[in-house]
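One file, input-v3.cif, carrying mmCIF, N, CA and C atoms:
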```
data_protein
#
loop_
_atom_site.label_atom_id
_atom_site.label_comp_id
_atom_site.auth_asym_id
_atom_site.auth_seq_id
_atom_site.Cartn_x
_atom_site.Cartn_y
_atom_site.Cartn_z
N MET A 1 0.84 -1.18 0.00
CA MET A 1 0.00 0.00 0.00
C MET A 1 0.88 1.24 0.00
N ALA A 2 0.55 2.21 -0.83
CA ALA A 2 1.32 3.45 -0.93
C ALA A 2 1.06 4.34 0.28
N ILE A 3 2.06 5.11 0.64
CA ILE A 3 1.93 6.06 1.74
C ILE A 3 1.12 7.25 1.27
N GLN A 4 0.10 7.62 2.04
CA GLN A 4 -0.73 8.78 1.70
C GLN A 4 -0.05 10.01 2.28
N THR A 5 0.44 10.89 1.41
CA THR A 5 1.15 12.08 1.87
C THR A 5 0.32 13.34 1.81
N ILE A 6 -0.80 13.32 1.09
CA ILE A 6 -1.71 14.47 1.02
C ILE A 6 -3.13 13.97 1.27
N ARG A 7 -3.84 14.65 2.17
CA ARG A 7 -5.22 14.30 2.48
C ARG A 7 -6.09 15.54 2.26
N TYR A 8 -7.13 15.42 1.46
CA TYR A 8 -8.06 16.53 1.20
C TYR A 8 -9.30 16.37 2.08
N VAL A 9 -9.70 17.47 2.73
CA VAL A 9 -10.89 17.46 3.60
C VAL A 9 -11.80 18.60 3.18
N PRO A 10 -13.00 18.33 2.72
CA PRO A 10 -13.57 17.03 2.42
C PRO A 10 -12.94 16.43 1.16
N SER A 11 -12.88 15.12 1.11
CA SER A 11 -12.15 14.44 0.03
C SER A 11 -12.77 14.69 -1.34
N ASP A 12 -14.06 14.94 -1.41
CA ASP A 12 -14.70 15.16 -2.71
C ASP A 12 -14.46 16.58 -3.25
N GLN A 13 -13.74 17.42 -2.51
CA GLN A 13 -13.46 18.79 -2.93
C GLN A 13 -12.02 18.98 -3.41
N GLN A 14 -11.33 17.89 -3.72
CA GLN A 14 -9.93 17.97 -4.15
C GLN A 14 -9.75 18.89 -5.35
N ASP A 15 -10.54 18.72 -6.39
CA ASP A 15 -10.40 19.55 -7.59
C ASP A 15 -10.69 21.02 -7.29
N ALA A 16 -11.72 21.28 -6.48
CA ALA A 16 -12.05 22.66 -6.12
C ALA A 16 -10.91 23.31 -5.35
N ALA A 17 -10.29 22.58 -4.43
CA ALA A 17 -9.18 23.12 -3.65
C ALA A 17 -7.98 23.41 -4.54
N ARG A 18 -7.72 22.57 -5.50
CA ARG A 18 -6.55 22.75 -6.37
C ARG A 18 -6.74 23.89 -7.37
N GLN A 19 -7.97 24.19 -7.75
CA GLN A 19 -8.22 25.18 -8.79
C GLN A 19 -8.65 26.54 -8.27
N ALA A 20 -8.84 26.68 -6.97
CA ALA A 20 -9.35 27.93 -6.41
C ALA A 20 -8.32 29.05 -6.54
N PRO A 21 -8.73 30.23 -7.01
CA PRO A 21 -7.80 31.37 -7.09
C PRO A 21 -7.53 31.89 -5.68
N VAL A 22 -6.29 32.27 -5.42
CA VAL A 22 -5.87 32.73 -4.09
C VAL A 22 -5.66 34.24 -4.12
N SER A 23 -6.27 34.95 -3.16
CA SER A 23 -6.12 36.40 -3.09
C SER A 23 -5.24 36.85 -1.93
N LEU A 24 -5.04 35.98 -0.93
CA LEU A 24 -4.26 36.36 0.25
C LEU A 24 -3.72 35.10 0.90
N VAL A 25 -2.48 35.15 1.39
CA VAL A 25 -1.87 34.03 2.10
C VAL A 25 -1.53 34.48 3.51
N ARG A 26 -1.91 33.68 4.50
CA ARG A 26 -1.58 33.96 5.90
C ARG A 26 -0.80 32.77 6.47
N VAL A 27 0.25 33.07 7.21
CA VAL A 27 1.00 32.05 7.95
C VAL A 27 0.62 32.25 9.41
N VAL A 28 0.08 31.20 10.03
CA VAL A 28 -0.43 31.32 11.39
C VAL A 28 0.29 30.33 12.30
N SER A 29 0.89 30.85 13.36
CA SER A 29 1.53 30.02 14.37
C SER A 29 0.49 29.70 15.43
N HIS A 30 0.33 28.43 15.72
CA HIS A 30 -0.68 28.01 16.69
C HIS A 30 -0.10 28.01 18.10
N THR A 31 -0.92 28.41 19.07
CA THR A 31 -0.48 28.43 20.46
C THR A 31 -0.57 27.04 21.05
N GLN A 32 0.19 26.83 22.12
CA GLN A 32 0.22 25.54 22.81
C GLN A 32 -1.10 25.34 23.56
N PHE A 33 -1.68 24.16 23.46
CA PHE A 33 -2.91 23.85 24.19
C PHE A 33 -2.56 23.47 25.62
N ASP A 34 -3.50 23.67 26.54
CA ASP A 34 -3.29 23.30 27.94
C ASP A 34 -2.94 21.82 28.04
N GLY A 35 -1.98 21.52 28.92
CA GLY A 35 -1.61 20.14 29.15
C GLY A 35 -0.43 19.67 28.31
N ASN A 36 -0.10 20.37 27.24
CA ASN A 36 1.06 20.00 26.42
C ASN A 36 2.30 20.64 27.00
N THR A 37 3.42 20.00 26.80
CA THR A 37 4.67 20.55 27.30
C THR A 37 5.56 20.94 26.13
N GLY A 38 6.51 21.79 26.42
CA GLY A 38 7.47 22.20 25.42
C GLY A 38 6.96 23.31 24.54
N PRO A 39 7.87 23.94 23.82
CA PRO A 39 7.46 25.05 22.94
C PRO A 39 6.72 24.51 21.72
N THR A 40 5.90 25.35 21.16
CA THR A 40 5.19 24.97 19.95
C THR A 40 5.88 25.61 18.74
N ASN A 41 5.93 24.91 17.68
CA ASN A 41 6.47 25.46 16.44
C ASN A 41 5.56 25.08 15.27
N HIS A 42 4.30 24.83 15.58
CA HIS A 42 3.37 24.37 14.56
C HIS A 42 2.70 25.56 13.88
N CYS A 43 2.82 25.62 12.58
CA CYS A 43 2.19 26.69 11.79
C CYS A 43 1.31 26.07 10.71
N CYS A 44 0.31 26.81 10.30
CA CYS A 44 -0.53 26.44 9.17
C CYS A 44 -0.52 27.58 8.17
N LEU A 45 -0.76 27.25 6.92
CA LEU A 45 -0.92 28.26 5.88
C LEU A 45 -2.40 28.34 5.54
N TYR A 46 -2.91 29.57 5.44
CA TYR A 46 -4.30 29.80 5.06
C TYR A 46 -4.30 30.60 3.76
N PHE A 47 -4.91 30.05 2.72
CA PHE A 47 -5.01 30.72 1.43
C PHE A 47 -6.45 31.21 1.28
N GLN A 48 -6.64 32.52 1.23
CA GLN A 48 -7.99 33.06 1.07
C GLN A 48 -8.39 32.91 -0.39
N THR A 49 -9.54 32.26 -0.60
CA THR A 49 -10.01 31.96 -1.95
C THR A 49 -11.30 32.68 -2.29
N GLY A 50 -11.85 33.40 -1.34
CA GLY A 50 -13.08 34.17 -1.54
C GLY A 50 -13.35 34.97 -0.29
N PRO A 51 -14.39 35.79 -0.30
CA PRO A 51 -14.67 36.64 0.86
C PRO A 51 -14.93 35.84 2.13
N ASN A 52 -15.44 34.63 2.01
CA ASN A 52 -15.77 33.81 3.18
C ASN A 52 -15.17 32.42 3.13
N SER A 53 -14.11 32.22 2.34
CA SER A 53 -13.55 30.88 2.22
C SER A 53 -12.03 30.90 2.20
N TYR A 54 -11.46 29.84 2.77
CA TYR A 54 -10.02 29.66 2.85
C TYR A 54 -9.69 28.21 2.54
N ILE A 55 -8.45 27.99 2.16
CA ILE A 55 -7.91 26.64 2.09
C ILE A 55 -6.77 26.60 3.10
N ARG A 56 -6.83 25.65 4.02
CA ARG A 56 -5.82 25.53 5.07
C ARG A 56 -4.88 24.39 4.73
N LEU A 57 -3.58 24.65 4.80
CA LEU A 57 -2.56 23.61 4.65
C LEU A 57 -1.97 23.35 6.03
N ASP A 58 -2.04 22.11 6.48
CA ASP A 58 -1.60 21.73 7.82
C ASP A 58 -0.79 20.45 7.72
N MET A 59 0.49 20.51 8.06
CA MET A 59 1.36 19.33 8.03
C MET A 59 1.27 18.65 9.38
N ILE A 60 0.86 17.38 9.38
CA ILE A 60 0.72 16.63 10.63
C ILE A 60 1.57 15.36 10.55
N PRO A 61 1.95 14.79 11.71
CA PRO A 61 2.70 13.53 11.68
C PRO A 61 1.82 12.40 11.16
N GLY A 62 2.38 11.57 10.33
CA GLY A 62 1.67 10.40 9.83
C GLY A 62 1.97 9.19 10.68
N ASN A 63 1.55 8.02 10.23
CA ASN A 63 1.77 6.78 10.97
C ASN A 63 3.02 6.04 10.53
N ASP A 64 3.61 6.44 9.41
CA ASP A 64 4.77 5.72 8.89
C ASP A 64 6.06 6.27 9.46
N PRO A 65 7.00 5.40 9.84
CA PRO A 65 8.27 5.86 10.40
C PRO A 65 9.04 6.70 9.38
N GLY A 66 9.70 7.73 9.89
CA GLY A 66 10.51 8.59 9.03
C GLY A 66 11.84 7.94 8.69
N THR A 67 12.55 8.55 7.77
CA THR A 67 13.85 8.03 7.35
C THR A 67 14.97 9.00 7.63
N VAL A 68 14.66 10.20 8.13
CA VAL A 68 15.68 11.22 8.35
C VAL A 68 16.01 11.36 9.83
N LEU A 69 14.99 11.58 10.67
CA LEU A 69 15.19 11.77 12.10
C LEU A 69 14.88 10.49 12.86
N PRO A 70 15.78 10.05 13.74
CA PRO A 70 15.48 8.87 14.54
C PRO A 70 14.21 9.08 15.37
N GLY A 71 13.29 8.16 15.30
CA GLY A 71 12.03 8.27 16.03
C GLY A 71 11.00 9.17 15.37
N GLY A 72 11.36 9.79 14.24
CA GLY A 72 10.44 10.68 13.55
C GLY A 72 9.42 9.93 12.72
N ARG A 73 8.50 10.66 12.19
CA ARG A 73 7.45 10.08 11.35
C ARG A 73 7.33 10.87 10.05
N LYS A 74 6.91 10.18 9.00
CA LYS A 74 6.64 10.87 7.73
C LYS A 74 5.37 11.68 7.90
N GLY A 75 5.37 12.86 7.33
CA GLY A 75 4.24 13.76 7.50
C GLY A 75 3.15 13.55 6.46
N VAL A 76 1.97 14.08 6.79
CA VAL A 76 0.82 14.09 5.90
C VAL A 76 0.37 15.55 5.79
N LEU A 77 0.25 16.04 4.57
CA LEU A 77 -0.23 17.39 4.34
C LEU A 77 -1.75 17.35 4.22
N VAL A 78 -2.44 18.01 5.16
CA VAL A 78 -3.90 18.07 5.14
C VAL A 78 -4.31 19.36 4.45
N VAL A 79 -5.05 19.23 3.35
CA VAL A 79 -5.57 20.37 2.60
C VAL A 79 -7.06 20.44 2.89
N GLN A 80 -7.48 21.50 3.59
CA GLN A 80 -8.85 21.57 4.07
C GLN A 80 -9.51 22.87 3.63
N ILE A 81 -10.73 22.76 3.10
CA ILE A 81 -11.50 23.93 2.72
C ILE A 81 -12.23 24.43 3.97
N TRP A 82 -12.03 25.72 4.28
CA TRP A 82 -12.63 26.33 5.47
C TRP A 82 -13.52 27.48 5.06
N THR A 83 -14.50 27.76 5.90
CA THR A 83 -15.33 28.95 5.73
C THR A 83 -15.00 29.92 6.86
N THR A 84 -15.44 31.16 6.72
CA THR A 84 -15.21 32.15 7.77
C THR A 84 -15.80 31.68 9.09
N PHE A 85 -16.95 31.00 9.04
CA PHE A 85 -17.57 30.50 10.27
C PHE A 85 -16.64 29.54 10.99
N GLN A 86 -16.01 28.61 10.26
CA GLN A 86 -15.09 27.66 10.88
C GLN A 86 -13.90 28.39 11.48
N MET A 87 -13.41 29.40 10.79
CA MET A 87 -12.25 30.13 11.29
C MET A 87 -12.61 30.89 12.56
N SER A 88 -13.79 31.52 12.63
CA SER A 88 -14.15 32.28 13.82
C SER A 88 -14.38 31.35 15.01
N ALA A 89 -14.81 30.13 14.75
CA ALA A 89 -15.02 29.18 15.83
C ALA A 89 -13.71 28.64 16.38
N SER A 90 -12.62 28.78 15.65
CA SER A 90 -11.34 28.24 16.10
C SER A 90 -10.27 29.32 16.22
N LYS A 91 -10.65 30.50 16.62
CA LYS A 91 -9.74 31.63 16.77
C LYS A 91 -9.05 31.94 15.45
N PRO A 92 -9.63 32.79 14.63
CA PRO A 92 -9.11 33.06 13.29
C PRO A 92 -7.71 33.67 13.33
N PRO A 93 -6.97 33.54 12.24
CA PRO A 93 -5.64 34.13 12.17
C PRO A 93 -5.72 35.64 12.22
N ARG A 94 -4.72 36.26 12.83
CA ARG A 94 -4.65 37.72 12.87
C ARG A 94 -3.42 38.16 12.09
N PRO A 95 -3.53 39.25 11.35
CA PRO A 95 -2.36 39.75 10.61
C PRO A 95 -1.23 40.12 11.57
N LEU A 96 0.00 39.98 11.10
CA LEU A 96 1.16 40.36 11.92
C LEU A 96 1.31 41.85 12.00
#
```

Mind turning the file's structure into structure tokens?
Amino acid sequence: MAIQTIRYVPSDQQDAARQAPVSLVRVVSHTQFDGNTGPTNHCCLYFQTGPNSYIRLDMIPGNDPGTVLPGGRKGVLVVQIWTTFQMSASKPPRPL
């Protein structure tokens, strides 16, 4: 079985996500959630594709062992279509 390195959410919107025109790009650093230790260095990219829509790129650890870092894992790029409502419910990105 091939390693899945890109996941589209929702999966039936893959073509729409790939063809959407981008008007603005935001890089957002996420804050550490309660209970986690250590510094956070996790960022997502948000591509604005309309007045109320974004495409979020989020690199997450996959299940397959990595080949570069001992104990590391190969990543999966999650491409997700978001609306303004979803962004406001999860603390939307703020300009720098």

Worksheet entry | Selected residue, from A:Val22, A:Val76, A:Val27, A:Leu69, that lies nearest to Gln48 of chain A when counting only C-alpha atoms |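 With only C-alpha atoms as the atom set, the closest residue is A:Val22.
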
Discussion item. I'd like the contact shell of Pro65 of chain A - 6 Å cut-off, all atoms listed in the file, skipping same-chain residues fewer than 4 positions apart - returned as a VMD selection string.
Written reply: chain A and resid 72 to 74

Discussion item. Using all atoms listed in the file for the distances, tell me which of A:Met59, A:Thr67, A:Cys43, A:Ile81 is nearest to Gln13 of chain A.
Written reply: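 Between A:Met59, A:Thr67, A:Cys43, A:Ile81, the residue approaching Gln13 of chain A most closely is A:Ile81.
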
Neighbours of Val28 of chain A within 6.5 Å (only N, CA and C atoms; same-chain residues fewer than 4 positions away dropped), as a PDB file with N, CA and C atoms, in the coordinates of the input?
```pdb
ATOM      1  N   HIS A  42       4.300  24.830  15.580  1.00  0.00           N
ATOM      2  CA  HIS A  42       3.370  24.370  14.560  1.00  0.00           C
ATOM      3  C   HIS A  42       2.700  25.560  13.880  1.00  0.00           C
ATOM      4  N   CYS A  43       2.820  25.620  12.580  1.00  0.00           N
ATOM      5  CA  CYS A  43       2.190  26.690  11.790  1.00  0.00           C
ATOM      6  C   CYS A  43       1.310  26.070  10.710  1.00  0.00           C
ATOM      7  N   CYS A  44       0.310  26.810  10.300  1.00  0.00           N
ATOM      8  CA  CYS A  44      -0.530  26.440   9.170  1.00  0.00           C
ATOM      9  C   CYS A  44      -0.520  27.580   8.170  1.00  0.00           C
ATOM     10  N   LEU A  45      -0.760  27.250   6.920  1.00  0.00           N
ATOM     11  CA  LEU A  45      -0.920  28.260   5.880  1.00  0.00           C
ATOM     12  C   LEU A  45      -2.400  28.340   5.540  1.00  0.00           C
ATOM     13  N   TYR A  46      -2.910  29.570   5.440  1.00  0.00           N
ATOM     14  CA  TYR A  46      -4.300  29.800   5.060  1.00  0.00           C
ATOM     15  C   TYR A  46      -4.300  30.600   3.760  1.00  0.00           C
ATOM     16  N   PRO A  93      -6.970  33.540  12.240  1.00  0.00           N
ATOM     17  CA  PRO A  93      -5.640  34.130  12.170  1.00  0.00           C
ATOM     18  C   PRO A  93      -5.720  35.640  12.220  1.00  0.00           C
TER      19      PRO A  93
END
```
